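Asks: So that you have it, the file is entry-v8.txt, and it contains compact mmCIF, C-alpha atoms:
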```
# COMPACT_ATOMS: atom_id res chain seq x y z
CA MET A 15 1.44 28.86 -100.51
CA THR A 16 0.67 27.05 -97.32
CA SER A 17 -2.52 26.51 -95.36
CA PRO A 18 -2.94 25.05 -91.89
CA HIS A 19 -3.81 21.67 -93.35
CA ASP A 20 -0.53 21.52 -95.24
CA ARG A 21 1.28 21.70 -91.92
CA ALA A 22 -1.18 19.62 -89.90
CA GLU A 23 -0.19 16.12 -88.85
CA ALA A 24 -1.52 12.99 -90.53
CA PRO A 25 -4.10 11.15 -88.38
CA TYR A 26 -2.99 8.51 -85.87
CA TRP A 27 -4.22 6.83 -82.67
CA THR A 28 -2.80 6.83 -79.14
CA LEU A 29 -4.04 5.57 -75.78
CA PRO A 30 -3.18 8.78 -73.87
CA GLY A 31 -5.14 10.64 -76.56
CA LEU A 32 -8.36 9.03 -75.28
CA ALA A 33 -7.76 10.49 -71.81
CA GLU A 34 -6.77 13.84 -73.27
CA GLY A 35 -9.95 13.94 -75.36
CA ALA A 36 -12.02 13.26 -72.24
CA TRP A 37 -10.08 15.95 -70.39
CA ARG A 38 -10.63 18.48 -73.15
CA SER A 39 -14.38 17.93 -72.94
CA THR A 40 -14.65 18.62 -69.18
CA ALA A 41 -15.92 22.19 -69.64
CA LEU A 42 -18.93 20.71 -71.45
CA LEU A 43 -19.71 17.88 -69.03
CA PRO A 44 -21.68 19.81 -66.36
CA GLY A 45 -23.92 21.34 -69.03
CA THR A 46 -24.32 17.95 -70.73
CA ALA A 47 -25.40 16.43 -67.40
CA ILE A 48 -27.96 19.16 -66.75
CA PHE A 49 -29.33 18.90 -70.30
CA SER A 50 -29.65 15.13 -69.83
CA LEU A 51 -31.38 15.56 -66.45
CA ALA A 52 -33.86 17.91 -68.08
CA PHE A 53 -34.42 15.47 -70.95
CA GLY A 54 -35.08 12.66 -68.44
CA THR A 55 -37.72 14.79 -66.77
CA VAL A 56 -39.48 15.50 -70.07
CA ALA A 57 -39.25 11.82 -71.05
CA ALA A 58 -40.96 10.81 -67.80
CA GLN A 59 -43.71 13.36 -68.38
CA LYS A 60 -44.24 12.02 -71.92
CA GLY A 61 -44.74 8.48 -70.62
CA LEU A 62 -41.55 6.82 -71.83
CA SER A 63 -40.31 3.98 -69.64
CA LEU A 64 -37.01 4.52 -67.84
CA ALA A 65 -35.45 1.82 -70.01
CA ASP A 66 -36.62 3.63 -73.16
CA ALA A 67 -35.20 6.94 -71.95
CA VAL A 68 -31.81 5.38 -71.22
CA LEU A 69 -31.86 3.48 -74.50
CA MET A 70 -32.67 6.63 -76.45
CA ASN A 71 -29.84 8.55 -74.81
CA ALA A 72 -27.43 5.69 -75.45
CA LEU A 73 -28.37 5.02 -79.08
CA VAL A 74 -29.46 8.41 -80.43
CA PHE A 75 -27.20 10.69 -78.35
CA ALA A 76 -28.50 13.93 -79.86
CA GLY A 77 -30.20 16.16 -77.31
CA ALA A 78 -31.92 18.72 -79.52
CA ALA A 79 -33.33 16.06 -81.85
CA GLN A 80 -34.52 13.97 -78.89
CA LEU A 81 -36.41 16.90 -77.38
CA VAL A 82 -38.05 17.65 -80.73
CA ALA A 83 -38.98 13.97 -81.16
CA LEU A 84 -40.64 13.96 -77.74
CA GLU A 85 -42.79 16.86 -78.90
CA VAL A 86 -44.53 14.52 -81.35
CA TRP A 87 -44.10 11.34 -79.29
CA THR A 88 -47.29 9.45 -78.39
CA ASN A 89 -47.75 6.67 -75.88
CA PRO A 90 -48.11 4.05 -77.22
CA LEU A 91 -46.12 5.07 -80.26
CA ALA A 92 -47.96 4.08 -83.43
CA LEU A 93 -45.73 2.45 -86.03
CA GLY A 94 -47.01 4.98 -88.55
CA THR A 95 -45.48 7.78 -86.47
CA VAL A 96 -42.06 6.10 -86.43
CA ALA A 97 -41.18 7.17 -89.97
CA SER A 98 -42.10 10.80 -89.36
CA ILE A 99 -40.08 10.84 -86.13
CA ALA A 100 -37.07 9.44 -87.99
CA LEU A 101 -37.39 12.13 -90.65
CA LEU A 102 -37.75 14.86 -88.04
CA THR A 103 -34.63 13.55 -86.28
CA ALA A 104 -32.61 13.62 -89.50
CA ILE A 105 -33.72 17.21 -90.18
CA VAL A 106 -32.78 18.48 -86.73
CA ASN A 107 -29.43 16.70 -87.06
CA ALA A 108 -28.71 17.96 -90.58
CA ARG A 109 -25.83 20.06 -89.21
CA PHE A 110 -23.96 16.81 -88.45
CA VAL A 111 -23.65 16.30 -92.23
CA LEU A 112 -21.54 19.47 -92.46
CA MET A 113 -19.59 18.60 -89.33
CA GLY A 114 -18.69 15.25 -90.88
CA ALA A 115 -17.59 16.97 -94.08
CA ALA A 116 -15.34 19.27 -92.04
CA LEU A 117 -13.66 16.21 -90.47
CA ARG A 118 -12.55 14.88 -93.86
CA PRO A 119 -9.23 16.79 -94.09
CA TRP A 120 -8.27 15.47 -90.64
CA MET A 121 -9.46 11.86 -90.74
CA GLY A 122 -9.71 11.13 -94.46
CA ALA A 123 -6.44 9.18 -94.47
CA LEU A 124 -7.69 6.67 -91.87
CA PRO A 125 -9.19 3.34 -92.99
CA ALA A 126 -13.00 3.31 -92.98
CA TRP A 127 -13.30 0.78 -90.15
CA GLN A 128 -11.34 3.11 -87.89
CA VAL A 129 -13.07 6.36 -88.76
CA TYR A 130 -16.78 5.50 -88.97
CA PRO A 131 -17.22 4.19 -85.39
CA PRO A 132 -15.92 7.43 -83.78
CA LEU A 133 -18.01 9.42 -86.29
CA LEU A 134 -21.11 7.83 -84.75
CA LEU A 135 -20.27 9.75 -81.56
CA THR A 136 -20.52 13.10 -83.34
CA THR A 137 -22.44 15.70 -81.38
CA ASP A 138 -21.99 19.46 -81.36
CA ALA A 139 -19.86 19.07 -78.24
CA THR A 140 -17.68 16.21 -79.51
CA TRP A 141 -17.13 17.94 -82.81
CA ILE A 142 -16.11 21.30 -81.40
CA VAL A 143 -13.65 19.70 -78.98
CA GLY A 144 -12.19 17.84 -81.95
CA MET A 145 -11.95 20.89 -84.23
CA ARG A 146 -10.40 22.95 -81.45
CA TYR A 147 -7.70 20.26 -81.07
CA ARG A 148 -7.22 20.01 -84.84
CA ALA A 149 -6.75 23.79 -85.03
CA GLU A 150 -3.50 23.25 -83.12
CA GLY A 151 -2.26 21.33 -86.15
CA LYS A 152 -2.18 17.97 -84.39
CA GLY A 153 -3.60 14.72 -85.72
CA ASP A 154 -4.41 12.28 -82.90
CA ALA A 155 -7.87 10.94 -83.76
CA SER A 156 -8.11 9.43 -80.26
CA ILE A 157 -9.01 12.92 -79.04
CA TYR A 158 -12.29 12.70 -80.94
CA LEU A 159 -13.08 9.23 -79.63
CA GLY A 160 -12.12 10.12 -76.05
CA ALA A 161 -14.21 13.29 -76.03
CA GLY A 162 -17.16 11.44 -77.60
CA LEU A 163 -17.04 8.63 -75.04
CA ALA A 164 -16.78 11.01 -72.07
CA ILE A 165 -19.72 13.12 -73.23
CA TRP A 166 -21.72 9.99 -74.12
CA ALA A 167 -21.13 8.43 -70.67
CA VAL A 168 -22.35 11.56 -68.88
CA TRP A 169 -25.30 11.89 -71.25
CA VAL A 170 -26.42 8.29 -70.60
CA ALA A 171 -25.85 8.34 -66.81
CA ALA A 172 -27.51 11.67 -66.01
CA VAL A 173 -30.84 10.81 -67.62
CA VAL A 174 -31.61 8.32 -64.80
CA PRO A 175 -31.79 10.81 -61.89
CA GLY A 176 -33.54 13.28 -64.20
CA TYR A 177 -36.21 10.68 -64.98
CA LEU A 178 -36.63 9.47 -61.38
CA LEU A 179 -36.49 12.79 -59.56
CA GLY A 180 -38.72 14.52 -62.07
CA ALA A 181 -39.11 18.23 -62.01
CA PHE A 182 -36.14 19.22 -59.93
CA ILE A 183 -34.77 21.08 -62.90
CA SER A 184 -38.10 22.39 -64.02
CA ASP A 185 -36.70 25.39 -65.86
CA PRO A 186 -33.27 24.79 -67.37
CA ARG A 187 -33.43 28.26 -68.92
CA ARG A 188 -32.90 29.78 -65.51
CA PHE A 189 -29.38 28.34 -65.43
CA GLY A 190 -28.62 29.38 -68.98
CA ILE A 191 -28.59 25.72 -70.14
CA ASP A 192 -30.39 26.56 -73.38
CA LEU A 193 -27.47 28.84 -74.24
CA MET A 194 -24.69 26.51 -73.12
CA LEU A 195 -23.94 25.38 -76.64
CA PRO A 196 -23.65 28.80 -78.30
CA ILE A 197 -21.59 30.05 -75.35
CA PHE A 198 -19.21 27.13 -75.59
CA PHE A 199 -18.99 27.62 -79.35
CA ALA A 200 -18.18 31.28 -78.80
CA ALA A 201 -15.30 30.31 -76.53
CA MET A 202 -14.08 27.85 -79.18
CA LEU A 203 -14.28 30.48 -81.88
CA VAL A 204 -11.53 32.41 -80.13
CA GLN A 205 -9.41 29.25 -80.22
CA ILE A 206 -9.92 28.38 -83.88
CA TRP A 207 -9.40 31.96 -85.06
CA ARG A 208 -6.89 31.87 -87.91
CA GLY A 209 -6.83 35.40 -89.21
CA PRO A 210 -9.14 37.60 -91.26
CA ARG A 211 -9.16 35.61 -94.51
CA ARG A 212 -11.40 32.92 -93.12
CA ALA A 213 -13.36 35.48 -91.09
CA ILE A 214 -14.94 36.80 -94.31
CA GLY A 215 -16.62 33.44 -94.82
CA TRP A 216 -17.56 33.30 -91.14
CA ALA A 217 -19.20 36.73 -91.28
CA VAL A 218 -21.22 35.67 -94.31
CA ALA A 219 -22.22 32.48 -92.45
CA GLY A 220 -23.46 34.50 -89.48
CA ALA A 221 -25.40 37.01 -91.58
CA VAL A 222 -27.04 34.38 -93.78
CA ALA A 223 -27.89 32.20 -90.75
CA LEU A 224 -29.48 35.16 -89.01
CA VAL A 225 -31.73 35.85 -92.01
CA ALA A 226 -32.46 32.14 -92.53
CA ALA A 227 -33.51 31.77 -88.89
CA GLN A 228 -36.23 34.36 -89.50
CA LEU A 229 -37.49 32.64 -92.66
CA VAL A 230 -37.11 28.89 -92.10
CA ALA A 231 -38.27 26.79 -89.16
CA GLY A 232 -36.07 24.39 -87.22
CA TRP A 233 -32.30 24.06 -87.44
CA TRP A 234 -31.93 24.69 -91.16
CA PHE A 235 -30.39 28.10 -90.47
CA VAL A 236 -27.17 26.36 -89.40
CA VAL A 237 -26.88 24.43 -92.65
CA ILE A 238 -27.87 27.35 -94.88
CA GLY A 239 -25.56 29.82 -93.15
CA ALA A 240 -22.58 27.47 -92.93
CA VAL A 241 -22.81 26.39 -96.58
CA ALA A 242 -23.04 30.01 -97.75
CA GLY A 243 -20.07 31.04 -95.60
CA SER A 244 -18.03 28.04 -96.67
CA ILE A 245 -18.61 28.72 -100.38
CA VAL A 246 -17.52 32.34 -99.92
CA GLY A 247 -14.49 31.10 -97.99
CA GLY A 248 -13.57 28.87 -100.92
CA PHE A 249 -13.30 31.88 -103.21
CA VAL A 250 -11.34 34.21 -100.94
CA ASP A 251 -7.69 34.09 -101.94
CA ASP A 252 -4.73 33.92 -99.59
CA ALA A 253 -2.62 36.49 -101.39
CA GLU A 254 -4.75 39.54 -100.65
CA MET B 8 -43.30 -10.96 -73.90
CA PRO B 9 -43.11 -7.29 -74.91
CA SER B 10 -46.40 -5.62 -75.69
CA GLU B 11 -47.09 -3.82 -78.94
CA ALA B 12 -46.78 -0.47 -77.14
CA GLN B 13 -43.26 -1.29 -75.97
CA PHE B 14 -42.32 -2.42 -79.44
CA GLY B 15 -43.55 0.88 -80.89
CA ALA B 16 -41.30 2.88 -78.57
CA PHE B 17 -38.36 0.60 -79.31
CA ALA B 18 -38.92 0.94 -83.06
CA GLY B 19 -39.09 4.71 -82.69
CA ILE B 20 -35.79 4.83 -80.82
CA VAL B 21 -34.02 2.59 -83.34
CA ALA B 22 -35.39 4.64 -86.24
CA MET B 23 -34.16 7.86 -84.61
CA ALA B 24 -30.75 6.29 -84.03
CA LEU B 25 -30.42 5.15 -87.66
CA ALA B 26 -31.51 8.57 -88.95
CA THR B 27 -28.92 10.23 -86.71
CA TYR B 28 -26.13 7.83 -87.73
CA PHE B 29 -26.90 8.63 -91.36
CA THR B 30 -26.37 12.37 -90.76
CA ARG B 31 -23.16 11.65 -88.84
CA VAL B 32 -21.44 9.64 -91.58
CA ILE B 33 -22.83 10.93 -94.89
CA GLY B 34 -20.97 14.26 -94.97
CA PHE B 35 -17.62 12.62 -94.29
CA TRP B 36 -18.35 9.91 -96.83
CA ALA B 37 -19.47 12.37 -99.51
CA MET B 38 -16.35 14.52 -99.19
CA GLY B 39 -14.30 11.43 -99.98
CA HIS B 40 -15.89 11.46 -103.42
CA VAL B 41 -15.19 15.12 -104.20
CA PRO B 42 -11.84 15.99 -105.82
CA MET B 43 -9.77 17.87 -103.23
CA THR B 44 -9.04 20.97 -105.32
CA LEU B 45 -7.69 24.15 -103.76
CA ARG B 46 -11.18 25.66 -103.72
CA VAL B 47 -12.71 22.64 -102.03
CA ARG B 48 -9.95 22.59 -99.46
CA ARG B 49 -10.49 26.25 -98.66
CA MET B 50 -14.20 25.64 -98.32
CA LEU B 51 -13.54 22.83 -95.87
CA GLU B 52 -11.08 25.03 -93.96
CA THR B 53 -13.72 27.76 -93.65
CA LEU B 54 -16.48 25.29 -92.76
CA PRO B 55 -15.80 24.66 -89.03
CA GLY B 56 -15.84 28.36 -88.14
CA ALA B 57 -18.79 28.93 -90.47
CA ILE B 58 -20.79 26.23 -88.65
CA VAL B 59 -19.85 27.72 -85.30
CA VAL B 60 -20.85 31.26 -86.29
CA ALA B 61 -24.05 30.06 -87.98
CA ILE B 62 -25.07 28.43 -84.69
CA ILE B 63 -24.04 31.27 -82.37
CA VAL B 64 -25.51 34.31 -84.14
CA PRO B 65 -29.19 33.26 -84.53
CA LEU B 66 -29.40 31.56 -81.13
CA MET B 67 -27.91 34.56 -79.36
CA ALA B 68 -30.06 37.01 -81.32
CA ARG B 69 -33.11 34.98 -80.26
CA ALA B 70 -31.97 35.15 -76.61
CA GLY B 71 -32.01 38.97 -76.58
CA VAL B 72 -30.10 40.99 -73.99
CA PRO B 73 -29.09 38.02 -71.75
CA GLY B 74 -27.68 36.29 -74.83
CA LEU B 75 -25.68 39.37 -75.78
CA VAL B 76 -24.37 39.76 -72.23
CA GLY B 77 -23.39 36.07 -72.15
CA ILE B 78 -21.50 36.23 -75.41
CA VAL B 79 -19.62 39.43 -74.51
CA VAL B 80 -18.57 37.98 -71.13
CA THR B 81 -17.47 34.73 -72.81
CA PHE B 82 -15.37 36.50 -75.45
CA ALA B 83 -13.83 38.83 -72.87
CA SER B 84 -12.92 35.93 -70.61
CA MET B 85 -11.36 33.98 -73.50
CA MET B 86 -9.30 36.97 -74.63
CA LEU B 87 -7.97 37.57 -71.12
CA ARG B 88 -7.44 34.07 -69.77
CA ARG B 89 -7.76 31.52 -72.62
CA ASN B 90 -9.48 29.13 -70.23
CA GLU B 91 -12.55 27.47 -71.78
CA PHE B 92 -13.97 26.15 -68.53
CA LEU B 93 -13.81 29.60 -66.93
CA ALA B 94 -15.23 31.29 -70.03
CA VAL B 95 -18.22 28.95 -70.26
CA ALA B 96 -18.90 29.20 -66.51
CA LEU B 97 -18.74 32.99 -66.59
CA GLY B 98 -20.81 33.20 -69.77
CA MET B 99 -23.59 30.99 -68.42
CA GLY B 100 -23.42 32.75 -65.06
CA ALA B 101 -23.86 36.06 -66.85
CA VAL B 102 -26.90 34.72 -68.72
CA SER B 103 -28.47 33.46 -65.47
CA LEU B 104 -27.79 36.75 -63.74
CA ALA B 105 -29.18 38.83 -66.62
CA ARG B 106 -32.33 36.69 -66.65
CA ALA B 107 -32.70 36.87 -62.86
CA LEU B 108 -32.52 40.66 -63.18
CA GLY B 109 -35.22 40.49 -65.83
CA LEU B 110 -33.12 41.99 -68.63
```
Could you write out this file's structure as structure tokens?

Replies:
Amino acid sequence: MTSPHDRAEAPYWTLPGLAEGAWRSTALLPGTAIFSLAFGTVAAQKGLSLADAVLMNALVFAGAAQLVALEVWTNPLALGTVASIALLTAIVNARFVLMGAALRPWMGALPAWQVYPPLLLTTDATWIVGMRYRAEGKGDASIYLGAGLAIWAVWVAAVVPGYLLGAFISDPRRFGIDLMLPIFFAAMLVQIWRGPRRAIGWAVAGAVALVAAQLVAGWWFVVIGAVAGSIVGGFVDDAE
Amino acid sequence: MPSEAQFGAFAGIVAMALATYFTRVIGFWAMGHVPMTLRVRRMLETLPGAIVVAIIVPLMARAGVPGLVGIVVTFASMMLRRNEFLAVALGMGAVSLARALGL
């Protein structure tokens, strides 16, 4: 019995892989820029300094969590609020825990000092570019790093004009920006399709997530749905 | 000399960063401590697609008709051309158009 991971390459690093990773993320860069512009505008309205907005984009690099944090941000920010903002951030980013777990079969053979720095660049966009590449059975971990750096650079740069020019993207919804991520993920789903066996788990993930989204606030529906689908996938046998 | 207000914002940003880094590394780390049985490997193989579907379905359902239009256009484009850039552009264009039409 074989599975894709039996045939997939062991992880390695190359210099051209960095450029290829950046290239593979280009479809996401315009949307990332517009999201960052919009975040800069909100940050300015909430009274963050420009330096703080840039610093937050550079260090946190997680758009959805940053927007949620700004919802409860106060100026000045009381130290007592810091802990609750950190907790809120971790909750919104809980899906990264699963994304990291899914990277284990690919990057598990790398030494820790090589794998944890690129992991810090994990975003939805970085991760999906990486998984799409991995689905081709190839192992170059530089793809992940290259994609992460390209998306990070755009995310950090675009917040400046968004902050300074203010409301020139007053309604990102009009351009479909709020749906960029699910649309990109839908495109990727076609690429990582590997036959109906895994689709059973995926269908369960979608159904459970849909129900969870009605019952639980925030981003928990991703975690609940994905865990349910993954468990089902673990018990579906190849031979059928 | 930074004021207390500036320090509060800085502390908030660093705390958010540390919380995010934790979520980024803990899943990978934890799976290194789980025996890689056949079942576990199949779960991990199902996981990427399961995450993707668990994100798409509720967000698109929430977006109503424009979301449905966007996803159908994206899938159709991917099936026909296999070009991600084109598919995302067409999908987001379809969402904008559907919203402009008030669907």

Asks: Compile a residue-level contact table for chain A against chain B at a cut-off of 7 Å, reporting for every qualifying residue the shortest atom pair and its distance in Å to one decimal, with all atoms listed in the file counted, rows ordered by chain and ascending number, as JSON lines.

Replies:
```
{"residue": "A:Ala41", "atom": "CA", "partner": "B:Phe92", "partner_atom": "CA", "distance": 4.6}
{"residue": "A:Met70", "atom": "CA", "partner": "B:Ile20", "partner_atom": "CA", "distance": 5.7}
{"residue": "A:Leu73", "atom": "CA", "partner": "B:Ala24", "partner_atom": "CA", "distance": 5.6}
{"residue": "A:Val74", "atom": "CA", "partner": "B:Ala24", "partner_atom": "CA", "distance": 4.4}
{"residue": "A:Pro90", "atom": "CA", "partner": "B:Ala12", "partner_atom": "CA", "distance": 4.7}
{"residue": "A:Leu91", "atom": "CA", "partner": "B:Gly15", "partner_atom": "CA", "distance": 5.0}
{"residue": "A:Ala92", "atom": "CA", "partner": "B:Gly15", "partner_atom": "CA", "distance": 6.0}
{"residue": "A:Leu93", "atom": "CA", "partner": "B:Gly15", "partner_atom": "CA", "distance": 5.8}
{"residue": "A:Val96", "atom": "CA", "partner": "B:Gly19", "partner_atom": "CA", "distance": 5.0}
{"residue": "A:Ile99", "atom": "CA", "partner": "B:Met23", "partner_atom": "CA", "distance": 6.8}
{"residue": "A:Ala100", "atom": "CA", "partner": "B:Met23", "partner_atom": "CA", "distance": 4.7}
{"residue": "A:Thr103", "atom": "CA", "partner": "B:Met23", "partner_atom": "CA", "distance": 5.9}
{"residue": "A:Ala104", "atom": "CA", "partner": "B:Ala26", "partner_atom": "CA", "distance": 5.2}
{"residue": "A:Asn107", "atom": "CA", "partner": "B:Thr30", "partner_atom": "CA", "distance": 6.5}
{"residue": "A:Ala108", "atom": "CA", "partner": "B:Thr30", "partner_atom": "CA", "distance": 6.1}
{"residue": "A:Phe110", "atom": "CA", "partner": "B:Arg31", "partner_atom": "CA", "distance": 5.2}
{"residue": "A:Val111", "atom": "CA", "partner": "B:Gly34", "partner_atom": "CA", "distance": 4.3}
{"residue": "A:Leu112", "atom": "CA", "partner": "B:Gly34", "partner_atom": "CA", "distance": 5.8}
{"residue": "A:Gly114", "atom": "CA", "partner": "B:Phe35", "partner_atom": "CA", "distance": 4.4}
{"residue": "A:Ala115", "atom": "CA", "partner": "B:Phe35", "partner_atom": "CA", "distance": 4.4}
{"residue": "A:Ala116", "atom": "CA", "partner": "B:Leu51", "partner_atom": "CA", "distance": 5.5}
{"residue": "A:Leu117", "atom": "CA", "partner": "B:Phe35", "partner_atom": "CA", "distance": 6.6}
{"residue": "A:Arg118", "atom": "CA", "partner": "B:Phe35", "partner_atom": "CA", "distance": 5.6}
{"residue": "A:Tyr130", "atom": "CA", "partner": "B:Val32", "partner_atom": "CA", "distance": 6.8}
{"residue": "A:Leu133", "atom": "CA", "partner": "B:Arg31", "partner_atom": "CA", "distance": 6.2}
{"residue": "A:Leu134", "atom": "CA", "partner": "B:Tyr28", "partner_atom": "CA", "distance": 5.8}
{"residue": "A:Thr136", "atom": "CA", "partner": "B:Arg31", "partner_atom": "CA", "distance": 6.3}
{"residue": "A:Arg188", "atom": "CA", "partner": "B:Ser103", "partner_atom": "CA", "distance": 5.8}
{"residue": "A:Phe189", "atom": "CA", "partner": "B:Ser103", "partner_atom": "CA", "distance": 5.2}
{"residue": "A:Gly190", "atom": "CA", "partner": "B:Met99", "partner_atom": "CA", "distance": 5.3}
{"residue": "A:Met194", "atom": "CA", "partner": "B:Met99", "partner_atom": "CA", "distance": 6.6}
{"residue": "A:Pro196", "atom": "CA", "partner": "B:Ile63", "partner_atom": "CA", "distance": 4.8}
{"residue": "A:Ile197", "atom": "CA", "partner": "B:Ile78", "partner_atom": "CA", "distance": 6.2}
{"residue": "A:Phe198", "atom": "CA", "partner": "B:Val95", "partner_atom": "CA", "distance": 5.7}
{"residue": "A:Phe199", "atom": "CA", "partner": "B:Val59", "partner_atom": "CA", "distance": 6.0}
{"residue": "A:Ala200", "atom": "CA", "partner": "B:Phe82", "partner_atom": "CA", "distance": 6.8}
{"residue": "A:Ala201", "atom": "CA", "partner": "B:Thr81", "partner_atom": "CA", "distance": 6.2}
{"residue": "A:Leu203", "atom": "CA", "partner": "B:Gly56", "partner_atom": "CA", "distance": 6.8}
{"residue": "A:Val204", "atom": "CA", "partner": "B:Met85", "partner_atom": "CA", "distance": 6.8}
{"residue": "A:Arg212", "atom": "CA", "partner": "B:Thr53", "partner_atom": "CA", "distance": 5.7}
{"residue": "A:Gly215", "atom": "CA", "partner": "B:Thr53", "partner_atom": "CA", "distance": 6.5}
{"residue": "A:Trp216", "atom": "CA", "partner": "B:Ala57", "partner_atom": "CA", "distance": 4.6}
{"residue": "A:Ala219", "atom": "CA", "partner": "B:Ala57", "partner_atom": "CA", "distance": 5.3}
{"residue": "A:Gly220", "atom": "CA", "partner": "B:Ala61", "partner_atom": "CA", "distance": 4.7}
{"residue": "A:Ala223", "atom": "CA", "partner": "B:Ala61", "partner_atom": "CA", "distance": 5.2}
{"residue": "A:Leu224", "atom": "CA", "partner": "B:Pro65", "partner_atom": "CA", "distance": 4.9}
{"residue": "A:Ala227", "atom": "CA", "partner": "B:Pro65", "partner_atom": "CA", "distance": 6.3}
{"residue": "A:Val236", "atom": "CA", "partner": "B:Ala61", "partner_atom": "CA", "distance": 5.0}
{"residue": "A:Gly239", "atom": "CA", "partner": "B:Ala61", "partner_atom": "CA", "distance": 5.4}
{"residue": "A:Ala240", "atom": "CA", "partner": "B:Ala57", "partner_atom": "CA", "distance": 4.7}
{"residue": "A:Gly243", "atom": "CA", "partner": "B:Ala57", "partner_atom": "CA", "distance": 5.7}
{"residue": "A:Ser244", "atom": "CA", "partner": "B:Met50", "partner_atom": "CA", "distance": 4.8}
{"residue": "A:Ile245", "atom": "CA", "partner": "B:Met50", "partner_atom": "CA", "distance": 5.8}
{"residue": "A:Gly247", "atom": "CA", "partner": "B:Met50", "partner_atom": "CA", "distance": 5.5}
{"residue": "A:Gly248", "atom": "CA", "partner": "B:Met50", "partner_atom": "CA", "distance": 4.2}
{"residue": "A:Phe249", "atom": "CA", "partner": "B:Arg46", "partner_atom": "CA", "distance": 6.6}
```

Asks: Which residue gives the smallest distance to A:Ala231 among A:Ala58, A:Ala217, A:Ile105, A:Ile206, with all atoms listed in the file counted?

Replies: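 Counting all atoms listed in the file, the residue closest to A:Ala231 is A:Ile105.
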
Asks: Quote the spacing between atom CA of A:Tyr158 and atom CA of A:Ala139 in Å to one decimal place.

Replies: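 Rounded to one decimal, the two atoms are 10.3 Å apart.
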
Asks: For the atom pair atom CA of A:Ala167 and atom CA of A:Ala52, what is the interatomic distance in Å to one decimal place?

Replies: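 Straight-line distance from atom CA of A:Ala167 to atom CA of A:Ala52 works out to 16.1 Å.
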
Asks: Any idea what the distance is between atom CA of A:Ala226 and atom CA of B:Thr44?

Replies: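 Between atom CA of A:Ala226 and atom CA of B:Thr44 the gap works out to 28.9 Å.
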